[in-house]
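Colleague: File data-v3.cif below, mmCIF, C-alpha atoms:
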```
data_input
#
loop_
_atom_site.label_atom_id
_atom_site.label_comp_id
_atom_site.auth_asym_id
_atom_site.auth_seq_id
_atom_site.Cartn_x
_atom_site.Cartn_y
_atom_site.Cartn_z
CA MET A 14 74.61 -53.80 -214.47
CA ILE A 15 77.40 -52.96 -216.87
CA GLY A 16 79.55 -55.74 -218.33
CA ALA A 17 78.96 -59.44 -218.64
CA THR A 18 80.32 -61.89 -216.10
CA SER A 19 81.83 -65.27 -216.73
CA GLY A 20 80.83 -68.26 -214.68
CA VAL A 21 83.13 -70.56 -212.76
CA LYS A 22 81.97 -74.03 -211.91
CA LEU A 23 82.28 -74.96 -208.28
CA GLU A 24 83.59 -78.51 -207.88
CA ASP A 25 84.45 -81.04 -205.24
CA TYR A 26 82.56 -79.30 -202.40
CA SER A 27 82.75 -80.80 -198.95
CA ARG A 28 81.88 -79.74 -195.45
CA ARG A 29 82.70 -81.82 -192.39
CA GLU A 30 83.28 -81.55 -188.66
CA GLU A 31 86.53 -82.54 -186.97
CA GLU A 32 88.36 -81.85 -183.75
CA LEU A 33 91.46 -79.69 -183.69
CA SER A 34 93.40 -78.65 -180.60
CA GLY A 35 90.51 -79.83 -178.46
CA TRP A 36 87.84 -77.82 -180.27
CA ALA A 37 85.20 -78.90 -182.75
CA ILE A 38 85.79 -77.29 -186.12
CA LEU A 39 84.04 -77.17 -189.47
CA ILE A 40 86.14 -77.64 -192.59
CA GLU A 41 84.65 -76.40 -195.84
CA THR A 42 86.61 -77.03 -199.03
CA TYR A 43 85.85 -76.58 -202.70
CA LYS A 44 87.59 -76.15 -206.01
CA LEU A 45 87.19 -73.15 -208.26
CA GLY A 46 89.15 -73.24 -211.47
CA ASP A 47 92.55 -74.71 -210.64
CA THR A 48 92.51 -73.70 -206.99
CA TYR A 49 91.20 -75.41 -203.88
CA TYR A 50 89.85 -73.09 -201.19
CA CYS A 51 89.56 -74.21 -197.58
CA SER A 52 87.87 -72.35 -194.78
CA ILE A 53 87.88 -73.50 -191.16
CA SER A 54 85.35 -72.30 -188.61
CA ASN A 55 84.69 -73.17 -185.01
CA ALA A 56 81.71 -75.52 -184.89
CA ASP A 57 80.03 -73.36 -182.30
CA PRO A 58 79.21 -70.59 -183.01
CA GLY A 59 80.48 -71.02 -186.57
CA ALA A 60 82.90 -68.13 -186.90
CA ARG A 61 85.72 -68.48 -189.41
CA ILE A 62 89.15 -69.02 -187.91
CA SER A 63 91.37 -69.51 -190.95
CA ARG A 64 91.38 -69.96 -194.68
CA ALA A 65 93.94 -71.16 -197.20
CA GLU A 66 94.35 -72.05 -200.82
CA GLY A 67 96.23 -74.85 -202.51
CA SER A 68 96.61 -76.75 -205.73
CA THR A 69 95.15 -79.84 -204.08
CA ARG A 70 92.50 -80.42 -201.43
CA ALA A 71 95.08 -81.82 -199.02
CA GLU A 72 97.38 -78.85 -199.45
CA ALA A 73 94.62 -76.27 -198.88
CA GLU A 74 93.26 -78.09 -195.83
CA SER A 75 96.68 -78.68 -194.31
CA ARG A 76 97.56 -74.99 -194.56
CA ALA A 77 94.21 -73.90 -193.14
CA LYS A 78 94.46 -76.39 -190.26
CA GLU A 79 97.95 -75.23 -189.39
CA LYS A 80 96.74 -71.65 -189.06
CA ALA A 81 93.58 -72.62 -187.21
CA ALA A 82 95.53 -74.68 -184.68
CA ARG A 83 97.66 -71.68 -183.80
CA PHE A 84 94.59 -69.58 -183.04
CA LEU A 85 92.69 -72.31 -181.24
CA GLN A 86 95.61 -73.01 -178.92
CA GLN A 87 95.33 -69.44 -177.65
CA THR A 88 91.73 -69.84 -176.53
CA ARG A 89 91.50 -69.84 -172.75
CA LYS A 90 88.92 -71.68 -170.71
CA PHE A 91 87.77 -70.31 -167.38
CA PRO A 92 86.19 -72.22 -164.52
CA ILE A 93 82.47 -71.75 -164.21
CA MET B 13 62.32 -73.53 -194.59
CA THR B 14 58.56 -73.83 -194.77
CA VAL B 15 57.73 -70.36 -193.49
CA THR B 16 55.71 -68.40 -195.98
CA THR B 17 57.17 -64.97 -196.04
CA ASP B 18 58.07 -62.40 -198.63
CA VAL B 19 61.38 -61.53 -196.97
CA LEU B 20 62.94 -64.86 -197.87
CA VAL B 21 63.82 -66.00 -201.36
CA SER B 22 65.22 -69.37 -202.36
CA THR B 23 68.48 -70.09 -204.16
CA ASP B 24 66.37 -71.09 -207.17
CA TRP B 25 64.64 -67.71 -207.12
CA VAL B 26 67.99 -65.93 -207.02
CA ALA B 27 69.32 -68.02 -209.89
CA GLN B 28 66.32 -66.97 -211.94
CA HIS B 29 66.11 -63.32 -210.92
CA ALA B 30 69.63 -62.13 -210.15
CA ALA B 31 69.86 -60.36 -213.50
CA ASP B 32 66.47 -58.63 -213.27
CA PRO B 33 66.95 -54.86 -213.56
CA SER B 34 64.73 -54.25 -210.53
CA VAL B 35 66.72 -56.69 -208.37
CA ARG B 36 70.15 -56.26 -206.85
CA VAL B 37 71.80 -59.22 -205.20
CA ILE B 38 74.42 -58.31 -202.61
CA GLU B 39 76.81 -60.65 -200.79
CA VAL B 40 77.93 -59.73 -197.28
CA ASP B 41 80.27 -62.22 -195.63
CA VAL B 42 82.01 -62.70 -192.33
CA ASP B 43 85.03 -63.73 -194.39
CA THR B 44 85.53 -60.60 -196.43
CA THR B 45 87.61 -62.50 -199.01
CA ALA B 46 84.87 -64.99 -199.84
CA TYR B 47 83.24 -62.73 -202.42
CA GLU B 48 86.50 -62.48 -204.35
CA GLN B 49 86.73 -66.27 -204.57
CA GLY B 50 83.44 -66.41 -206.40
CA HIS B 51 79.90 -65.14 -205.99
CA VAL B 52 76.44 -65.25 -207.49
CA ARG B 53 76.71 -63.94 -211.03
CA GLY B 54 76.02 -60.21 -211.03
CA ALA B 55 76.04 -59.87 -207.26
CA ALA B 56 77.71 -56.92 -205.59
CA GLY B 57 79.96 -57.50 -202.59
CA TRP B 58 79.91 -55.40 -199.45
CA ASN B 59 82.51 -55.46 -196.70
CA TRP B 60 80.84 -55.32 -193.28
CA ASN B 61 84.06 -54.19 -191.68
CA THR B 62 84.51 -51.06 -193.79
CA GLN B 63 81.20 -50.35 -195.51
CA LEU B 64 78.51 -51.28 -193.01
CA CYS B 65 79.79 -49.34 -190.05
CA ASP B 66 81.17 -45.98 -189.11
CA THR B 67 84.90 -46.52 -189.40
CA VAL B 68 85.77 -43.79 -186.89
CA VAL B 69 83.13 -43.95 -184.18
CA ARG B 70 81.74 -47.32 -183.14
CA ASP B 71 78.36 -47.05 -184.81
CA ILE B 72 76.27 -48.33 -187.68
CA VAL B 73 76.91 -46.94 -191.14
CA PRO B 74 76.17 -43.21 -191.35
CA LYS B 75 73.21 -42.20 -193.51
CA LYS B 76 75.28 -40.41 -196.16
CA ALA B 77 77.77 -43.27 -196.44
CA LEU B 78 74.92 -45.74 -196.92
CA GLU B 79 73.33 -43.54 -199.57
CA ASP B 80 76.64 -43.42 -201.43
CA LEU B 81 77.15 -47.17 -201.08
CA LEU B 82 73.68 -47.98 -202.36
CA GLY B 83 74.01 -45.51 -205.22
CA LYS B 84 77.32 -47.02 -206.31
CA THR B 85 75.75 -50.45 -206.10
CA GLY B 86 73.13 -49.36 -208.60
CA VAL B 87 70.35 -49.38 -206.04
CA ASP B 88 67.57 -46.82 -205.88
CA ASN B 89 64.70 -46.61 -203.44
CA LYS B 90 62.55 -48.99 -205.46
CA THR B 91 65.14 -51.73 -205.99
CA THR B 92 64.50 -55.18 -204.56
CA ILE B 93 67.62 -55.91 -202.50
CA VAL B 94 68.47 -59.58 -201.97
CA LEU B 95 71.14 -60.18 -199.35
CA TYR B 96 73.10 -63.34 -198.77
CA GLY B 97 76.36 -64.32 -197.16
CA ASP B 98 78.40 -66.94 -195.39
CA ASN B 99 77.79 -68.31 -191.89
CA ASN B 100 74.09 -68.78 -192.57
CA ASN B 101 73.67 -65.11 -193.42
CA TRP B 102 75.12 -63.54 -190.27
CA PHE B 103 76.21 -60.36 -191.96
CA ALA B 104 73.47 -60.48 -194.56
CA ALA B 105 71.14 -60.08 -191.59
CA TRP B 106 73.39 -57.33 -190.24
CA ALA B 107 73.00 -55.49 -193.56
CA PHE B 108 69.25 -56.18 -193.59
CA TRP B 109 68.90 -54.68 -190.12
CA GLN B 110 70.73 -51.51 -191.08
CA LEU B 111 68.87 -51.13 -194.36
CA GLU B 112 65.58 -51.44 -192.51
CA ILE B 113 66.76 -48.86 -189.99
CA TYR B 114 67.28 -46.49 -192.92
CA GLY B 115 63.89 -47.32 -194.38
CA HIS B 116 64.53 -49.40 -197.49
CA ASP B 117 61.20 -50.93 -198.50
CA ASP B 118 61.97 -54.12 -200.38
CA LEU B 119 64.50 -56.29 -198.60
CA ARG B 120 64.97 -60.05 -198.93
CA ILE B 121 67.38 -62.66 -197.68
CA MET B 122 68.40 -65.68 -199.73
CA ASP B 123 67.44 -68.59 -197.51
CA GLY B 124 70.48 -70.76 -196.82
CA GLY B 125 72.92 -68.09 -197.91
CA ARG B 126 76.28 -68.78 -199.47
CA LYS B 127 76.49 -72.16 -197.75
CA LYS B 128 73.46 -73.52 -199.59
CA TRP B 129 74.49 -71.96 -202.88
CA LEU B 130 77.88 -73.69 -202.64
CA ALA B 131 76.47 -77.00 -201.44
CA GLU B 132 74.14 -77.05 -204.42
CA GLY B 133 77.14 -76.71 -206.73
CA ARG B 134 75.80 -73.62 -208.41
CA ASP B 135 77.92 -71.52 -210.71
CA LEU B 136 79.99 -68.73 -209.26
CA SER B 137 81.47 -65.69 -210.92
CA LYS B 138 84.84 -64.17 -210.12
CA ASP B 139 84.07 -61.00 -212.05
CA LYS B 140 83.23 -57.90 -210.11
CA PRO B 141 80.28 -56.22 -211.81
CA THR B 142 80.07 -52.47 -212.17
CA PHE B 143 76.78 -50.63 -211.97
CA ALA B 144 75.33 -47.43 -213.33
CA VAL B 145 75.33 -45.10 -210.34
CA LYS B 146 71.91 -44.20 -208.98
CA THR B 147 70.67 -41.65 -206.51
CA TYR B 148 69.50 -43.06 -203.21
CA ARG B 149 67.71 -41.17 -200.46
CA ALA B 150 67.71 -42.90 -197.11
CA LYS B 151 65.13 -42.10 -194.45
CA ASP B 152 66.11 -40.91 -191.01
CA PRO B 153 67.15 -43.89 -188.91
CA ASP B 154 64.38 -45.83 -187.19
CA LEU B 155 66.01 -46.37 -183.84
CA SER B 156 63.08 -48.40 -182.55
CA LEU B 157 64.95 -51.33 -184.11
CA ARG B 158 68.12 -50.71 -182.14
CA ALA B 159 68.86 -50.94 -178.43
CA PHE B 160 71.50 -48.77 -176.79
CA LEU B 161 73.24 -49.39 -173.50
CA PRO B 162 71.02 -47.16 -171.29
CA GLU B 163 67.91 -49.02 -172.43
CA VAL B 164 69.49 -52.39 -171.69
CA GLN B 165 70.64 -51.14 -168.29
CA ASN B 166 67.09 -50.02 -167.64
CA VAL B 167 65.35 -53.28 -168.53
CA PHE B 168 67.66 -56.11 -167.48
CA GLY B 169 66.36 -58.23 -164.68
CA LYS B 170 62.88 -56.75 -164.96
CA PRO B 171 59.82 -58.72 -166.03
CA GLY B 172 58.68 -56.20 -168.63
CA ALA B 173 61.26 -57.09 -171.26
CA ALA B 174 63.16 -60.11 -172.48
CA LEU B 175 66.87 -60.30 -173.22
CA VAL B 176 67.99 -62.99 -175.65
CA ASP B 177 71.69 -63.87 -175.65
CA VAL B 178 72.36 -65.66 -178.93
CA ARG B 179 75.99 -66.61 -178.26
CA SER B 180 77.17 -70.15 -177.67
CA PRO B 181 76.55 -71.75 -174.26
CA GLN B 182 80.28 -71.53 -173.49
CA GLU B 183 80.28 -67.78 -174.11
CA PHE B 184 77.03 -67.39 -172.18
CA THR B 185 78.42 -69.12 -169.10
CA GLY B 186 81.72 -67.28 -169.29
CA GLU B 187 83.76 -70.43 -169.82
CA ILE B 188 85.28 -68.66 -172.83
CA LEU B 189 85.53 -64.96 -173.59
CA ALA B 190 85.23 -65.26 -177.37
CA PRO B 191 84.40 -67.96 -179.89
CA PRO B 192 87.22 -70.54 -180.08
CA GLY B 193 90.14 -69.28 -182.15
CA LEU B 194 89.06 -65.63 -182.10
CA PRO B 195 90.64 -62.81 -180.10
CA GLU B 196 89.21 -62.10 -176.67
CA THR B 197 87.37 -58.80 -176.88
CA CYS B 198 86.00 -58.44 -173.37
CA GLN B 199 87.33 -58.21 -169.86
CA ARG B 200 84.71 -60.40 -168.21
CA GLY B 201 82.78 -63.48 -169.29
CA GLY B 202 79.18 -64.38 -168.57
CA HIS B 203 75.93 -62.75 -169.57
CA ILE B 204 73.58 -59.92 -168.76
CA PRO B 205 71.55 -60.96 -165.71
CA GLY B 206 68.23 -62.49 -166.63
CA ALA B 207 69.09 -63.11 -170.28
CA LYS B 208 67.92 -66.32 -171.94
CA ASN B 209 70.50 -68.24 -173.94
CA ILE B 210 69.09 -69.17 -177.35
CA PRO B 211 72.09 -69.64 -179.64
CA TRP B 212 71.60 -68.22 -183.13
CA GLY B 213 72.26 -71.59 -184.76
CA LYS B 214 69.05 -73.01 -183.33
CA ASN B 215 67.22 -70.86 -185.89
CA CYS B 216 68.73 -72.79 -188.77
CA ASN B 217 68.69 -76.17 -190.42
CA GLU B 218 71.86 -78.01 -191.36
CA ASP B 219 71.67 -76.69 -194.92
CA GLY B 220 71.64 -73.11 -193.65
CA THR B 221 67.96 -72.43 -194.28
CA PHE B 222 65.72 -71.19 -191.52
CA LYS B 223 63.70 -73.68 -189.54
CA SER B 224 59.95 -73.94 -189.98
CA LEU B 225 57.62 -71.47 -188.35
CA ASP B 226 56.38 -74.13 -185.92
CA GLU B 227 59.92 -75.03 -184.90
CA LEU B 228 60.84 -71.40 -184.40
CA LYS B 229 57.70 -70.73 -182.37
CA SER B 230 58.47 -73.72 -180.14
CA LEU B 231 62.10 -72.68 -179.74
CA TYR B 232 61.24 -69.24 -178.40
CA SER B 233 58.06 -70.02 -176.51
CA ALA B 234 59.93 -72.74 -174.59
CA GLN B 235 62.14 -69.97 -173.19
CA GLY B 236 59.25 -67.64 -172.48
CA ILE B 237 60.00 -65.38 -175.43
CA SER B 238 56.80 -64.10 -177.01
CA SER B 239 55.36 -61.04 -178.68
CA HIS B 240 53.79 -59.95 -175.40
CA LYS B 241 56.82 -58.02 -174.24
CA PRO B 242 59.71 -56.12 -175.81
CA ILE B 243 62.68 -58.24 -176.80
CA ILE B 244 66.32 -57.22 -177.03
CA ALA B 245 68.75 -59.60 -178.73
CA TYR B 246 72.49 -59.42 -178.28
CA CYS B 247 75.65 -61.41 -178.97
CA ARG B 248 79.29 -60.28 -179.05
CA ILE B 249 79.30 -57.52 -181.68
CA GLY B 250 75.71 -57.55 -182.91
CA GLU B 251 75.82 -59.56 -186.11
CA ARG B 252 74.65 -62.95 -184.80
CA SER B 253 71.92 -61.15 -182.91
CA SER B 254 70.82 -59.36 -186.07
CA LEU B 255 70.02 -62.80 -187.46
CA THR B 256 67.90 -63.59 -184.40
CA TRP B 257 66.34 -60.12 -184.66
CA PHE B 258 65.42 -60.99 -188.27
CA VAL B 259 63.85 -64.28 -187.19
CA LEU B 260 61.83 -62.73 -184.39
CA ARG B 261 60.69 -59.67 -186.32
CA HIS B 262 60.24 -60.98 -189.84
CA LEU B 263 59.62 -64.70 -189.56
CA LEU B 264 57.72 -64.80 -186.28
CA GLY B 265 56.24 -61.34 -186.78
CA PHE B 266 57.04 -59.90 -183.35
CA LYS B 267 56.75 -56.14 -183.53
CA ASN B 268 58.87 -54.97 -180.63
CA VAL B 269 62.31 -56.48 -181.20
CA LYS B 270 65.59 -54.63 -180.99
CA ASN B 271 69.15 -55.55 -181.76
CA TYR B 272 71.66 -54.45 -179.11
CA ASP B 273 74.71 -54.11 -181.31
CA GLY B 274 76.90 -52.93 -178.44
CA SER B 275 76.42 -56.49 -177.22
CA TRP B 276 78.98 -58.27 -175.06
CA THR B 277 81.93 -56.23 -176.33
CA GLU B 278 80.23 -53.28 -174.64
CA TRP B 279 78.62 -54.89 -171.58
CA GLY B 280 81.55 -57.22 -170.85
CA ASN B 281 83.95 -54.30 -170.73
CA LEU B 282 81.88 -51.92 -168.61
CA VAL B 283 83.29 -51.13 -165.20
CA GLY B 284 80.78 -52.17 -162.58
CA ALA B 285 78.26 -53.76 -164.94
CA PRO B 286 76.48 -56.69 -163.31
CA VAL B 287 77.35 -60.06 -164.82
CA GLU B 288 75.62 -63.36 -164.26
CA LYS B 289 77.52 -66.66 -164.35
CA PRO B 290 77.02 -69.33 -165.39
#
```
Could you render the structure as structure tokens?
Modeller:
Amino acid sequence: MIGATSGVKLEDYSRREEELSGWAILIETYKLGDTYYCSISNADPGARISRAEGSTRAEAESRAKEKAARFLQQTRKFPI
Amino acid sequence: MTVTTDVLVSTDWVAQHAADPSVRVIEVDVDTTAYEQGHVRGAAGWNWNTQLCDTVVRDIVPKKALEDLLGKTGVDNKTTIVLYGDNNNWFAAWAFWQLEIYGHDDLRIMDGGRKKWLAEGRDLSKDKPTFAVKTYRAKDPDLSLRAFLPEVQNVFGKPGAALVDVRSPQEFTGEILAPPGLPETCQRGGHIPGAKNIPWGKNCNEDGTFKSLDELKSLYSAQGISSHKPIIAYCRIGERSSLTWFVLRHLLGFKNVKNYDGSWTEWGNLVGAPVEKP
């Protein structure tokens, strides 16, 4: 490997399940440097739906949820 | 994970060995921006969407493209490759599967993947390392690890082979056509007739590590999946099923396991293909 790398401390990590637009979602948030990163996945199977950044946890999560809600509302259910 | 296997390494092991000259750690995520946010110090980042497939024809990465990618990543044929990624290593397993197809000898997966690394609060690097380019010679693809449509059409519904659908129960039954929030990529919902639904997530613990060997054995034997007959795993596009393929082949040691990467985006769009619901 050429060149040294500098480390960034990961802080304030959280991962929790919530419901959004009728679907179970996973919200993963952490802080790197001055930025909070939020990623939202469907709880099952666990695929990422949206991500966002913000200067605070609330800002990053709010932005990610807003995007995720738009996508989740388009998911159709069929009778089985 | 309590399975004793040389294809899994722990986050501790990676923290201690990531800088070893004979080791190359590579992150492969579903979220292709995750690597840029921060990664294991010294790890390379591969994009599954552009670097681990043929970008013209729907196919796995061509041999020459993989040789170039590995060479640029500073990997030669003797390098120990350690793969990890988000979503409990979905695309790390996808990369593992393709690297085994092309005959790389020393492949490992970091148990727990990016999720565990983050949850443990380990340091990340935002710097993108550069590597001295090496020459890599891939073997001809071992297609015994890969199932194509004609083979699946030939075996479904017959007792001589087992199909494992690793998607969620709602995808399996056809209640939804794609995971919630993702674009629908098929015309019909349901599953290949005779397939057993064993969602990929059942292979993993909450922290992202793989379950114990006993738990995995019980999970599959309860559905009649054993080493006694060929197994074909599938999902929607083949990445979740590559994780199940990894479990069956490398953790449980089943020899005849294939990943059907055409998966539901192929079968669920075929005119006239039989579909079972729920």
Colleague: For the structure provided, state which residues fall under the PyMOL selection byres ((chain B) within 6 of (chain A)), and present them as JSON, numbers by chain.
Modeller: {"B": [133, 135, 136, 137, 139, 142, 143, 180, 187, 188, 192, 193]}
Colleague: Would you kindly return, as a compact mmCIF listing (two decimals) with C-alpha atoms, in the frame of the given file, each protein, DNA or RNA residue with an atom no farther than 8 Å from any atom of Ala207 (chain B), considering only C-alpha atoms and excluding same-chain residues fewer than 4 positions away?
Modeller:
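So part_24.txt came out as:
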```
# COMPACT_ATOMS: atom_id res chain seq x y z
CA PHE B 168 67.66 -56.11 -167.48
CA GLY B 169 66.36 -58.23 -164.68
CA ALA B 174 63.16 -60.11 -172.48
CA LEU B 175 66.87 -60.30 -173.22
CA VAL B 176 67.99 -62.99 -175.65
CA ASP B 177 71.69 -63.87 -175.65
CA HIS B 203 75.93 -62.75 -169.57
```
Colleague: I'd like to see the residues matched by the PyMOL selection byres ((chain B and resi 268) around 10) on this file, and ideally I'd get them as number ranges by chain.
Modeller: B: 156-157, 173, 239-244, 257, 260-261, 265-267, 269-270
Colleague: By how many Å are CA of Gly220 (chain B) and CA of Asp123 (chain B) apart?
Modeller: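 Between CA of Gly220 (chain B) and CA of Asp123 (chain B) the gap is 7.3 Å.
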Colleague: Which distance in Å separates CA of Asn61 (chain B) and CA of Leu119 (chain B), to one decimal?
Modeller: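 Separating CA of Asn61 (chain B) from CA of Leu119 (chain B) is a distance of 20.9 Å.
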Colleague: Report as a short mmCIF file (atom, residue, chain, number, x, y, z; two decimals) with C-alpha atoms, in the coordinates of the input the residues that result from applying the PyMOL selection byres ((chain B and resi 98-101) around 9) to the structure here.
Modeller:
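For reference, result_37.cif as written:
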```cif
data_model
loop_
_atom_site.label_atom_id
_atom_site.label_comp_id
_atom_site.auth_asym_id
_atom_site.auth_seq_id
_atom_site.Cartn_x
_atom_site.Cartn_y
_atom_site.Cartn_z
CA GLY A 59 80.48 -71.02 -186.57
CA ALA A 60 82.90 -68.13 -186.90
CA ARG A 61 85.72 -68.48 -189.41
CA GLU B 39 76.81 -60.65 -200.79
CA VAL B 40 77.93 -59.73 -197.28
CA ASP B 41 80.27 -62.22 -195.63
CA VAL B 42 82.01 -62.70 -192.33
CA ASP B 43 85.03 -63.73 -194.39
CA ALA B 46 84.87 -64.99 -199.84
CA LEU B 95 71.14 -60.18 -199.35
CA TYR B 96 73.10 -63.34 -198.77
CA GLY B 97 76.36 -64.32 -197.16
CA TRP B 102 75.12 -63.54 -190.27
CA PHE B 103 76.21 -60.36 -191.96
CA ALA B 104 73.47 -60.48 -194.56
CA ALA B 105 71.14 -60.08 -191.59
CA TRP B 106 73.39 -57.33 -190.24
CA ILE B 121 67.38 -62.66 -197.68
CA MET B 122 68.40 -65.68 -199.73
CA ASP B 123 67.44 -68.59 -197.51
CA GLY B 124 70.48 -70.76 -196.82
CA GLY B 125 72.92 -68.09 -197.91
CA ARG B 126 76.28 -68.78 -199.47
CA LYS B 127 76.49 -72.16 -197.75
CA LYS B 128 73.46 -73.52 -199.59
CA GLY B 213 72.26 -71.59 -184.76
CA CYS B 216 68.73 -72.79 -188.77
CA ASP B 219 71.67 -76.69 -194.92
CA GLY B 220 71.64 -73.11 -193.65
CA THR B 221 67.96 -72.43 -194.28
CA PHE B 222 65.72 -71.19 -191.52
CA ARG B 252 74.65 -62.95 -184.80
CA LEU B 255 70.02 -62.80 -187.46
#
```
Colleague: Figure out the distance between CA of Lys289 (chain B) and CA of Thr185 (chain B), please, to one decimal in Å.
Modeller: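 A separation of 5.4 Å between them.
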Colleague: Need to verify the contact set: Ser75 (chain A), 12 Å, only C-alpha atoms, exclusion of same-chain residues closer than 2 positions in sequence. Can you return it as an MDAnalysis selection string?
Modeller: chainID A and resid 33 40 42 49:53 63:73 77:82
Colleague: Counting all atoms listed in the file, select every polymer residue within 7 Å of (76.3, -48.0, -208.4) as defined in the file's coordinates, and provide the selection as a PyMOL selection string.
Modeller: chain B and resi 82-87+142-146
Colleague: Near Ala27 (chain B), counting all atoms listed in the file, which residues have an atom at most 10 Å away, once you skip same-chain residues fewer than 5 positions from it, shown as a ChimeraX atom specification?
Modeller: /B:22,52-53,129,134-135
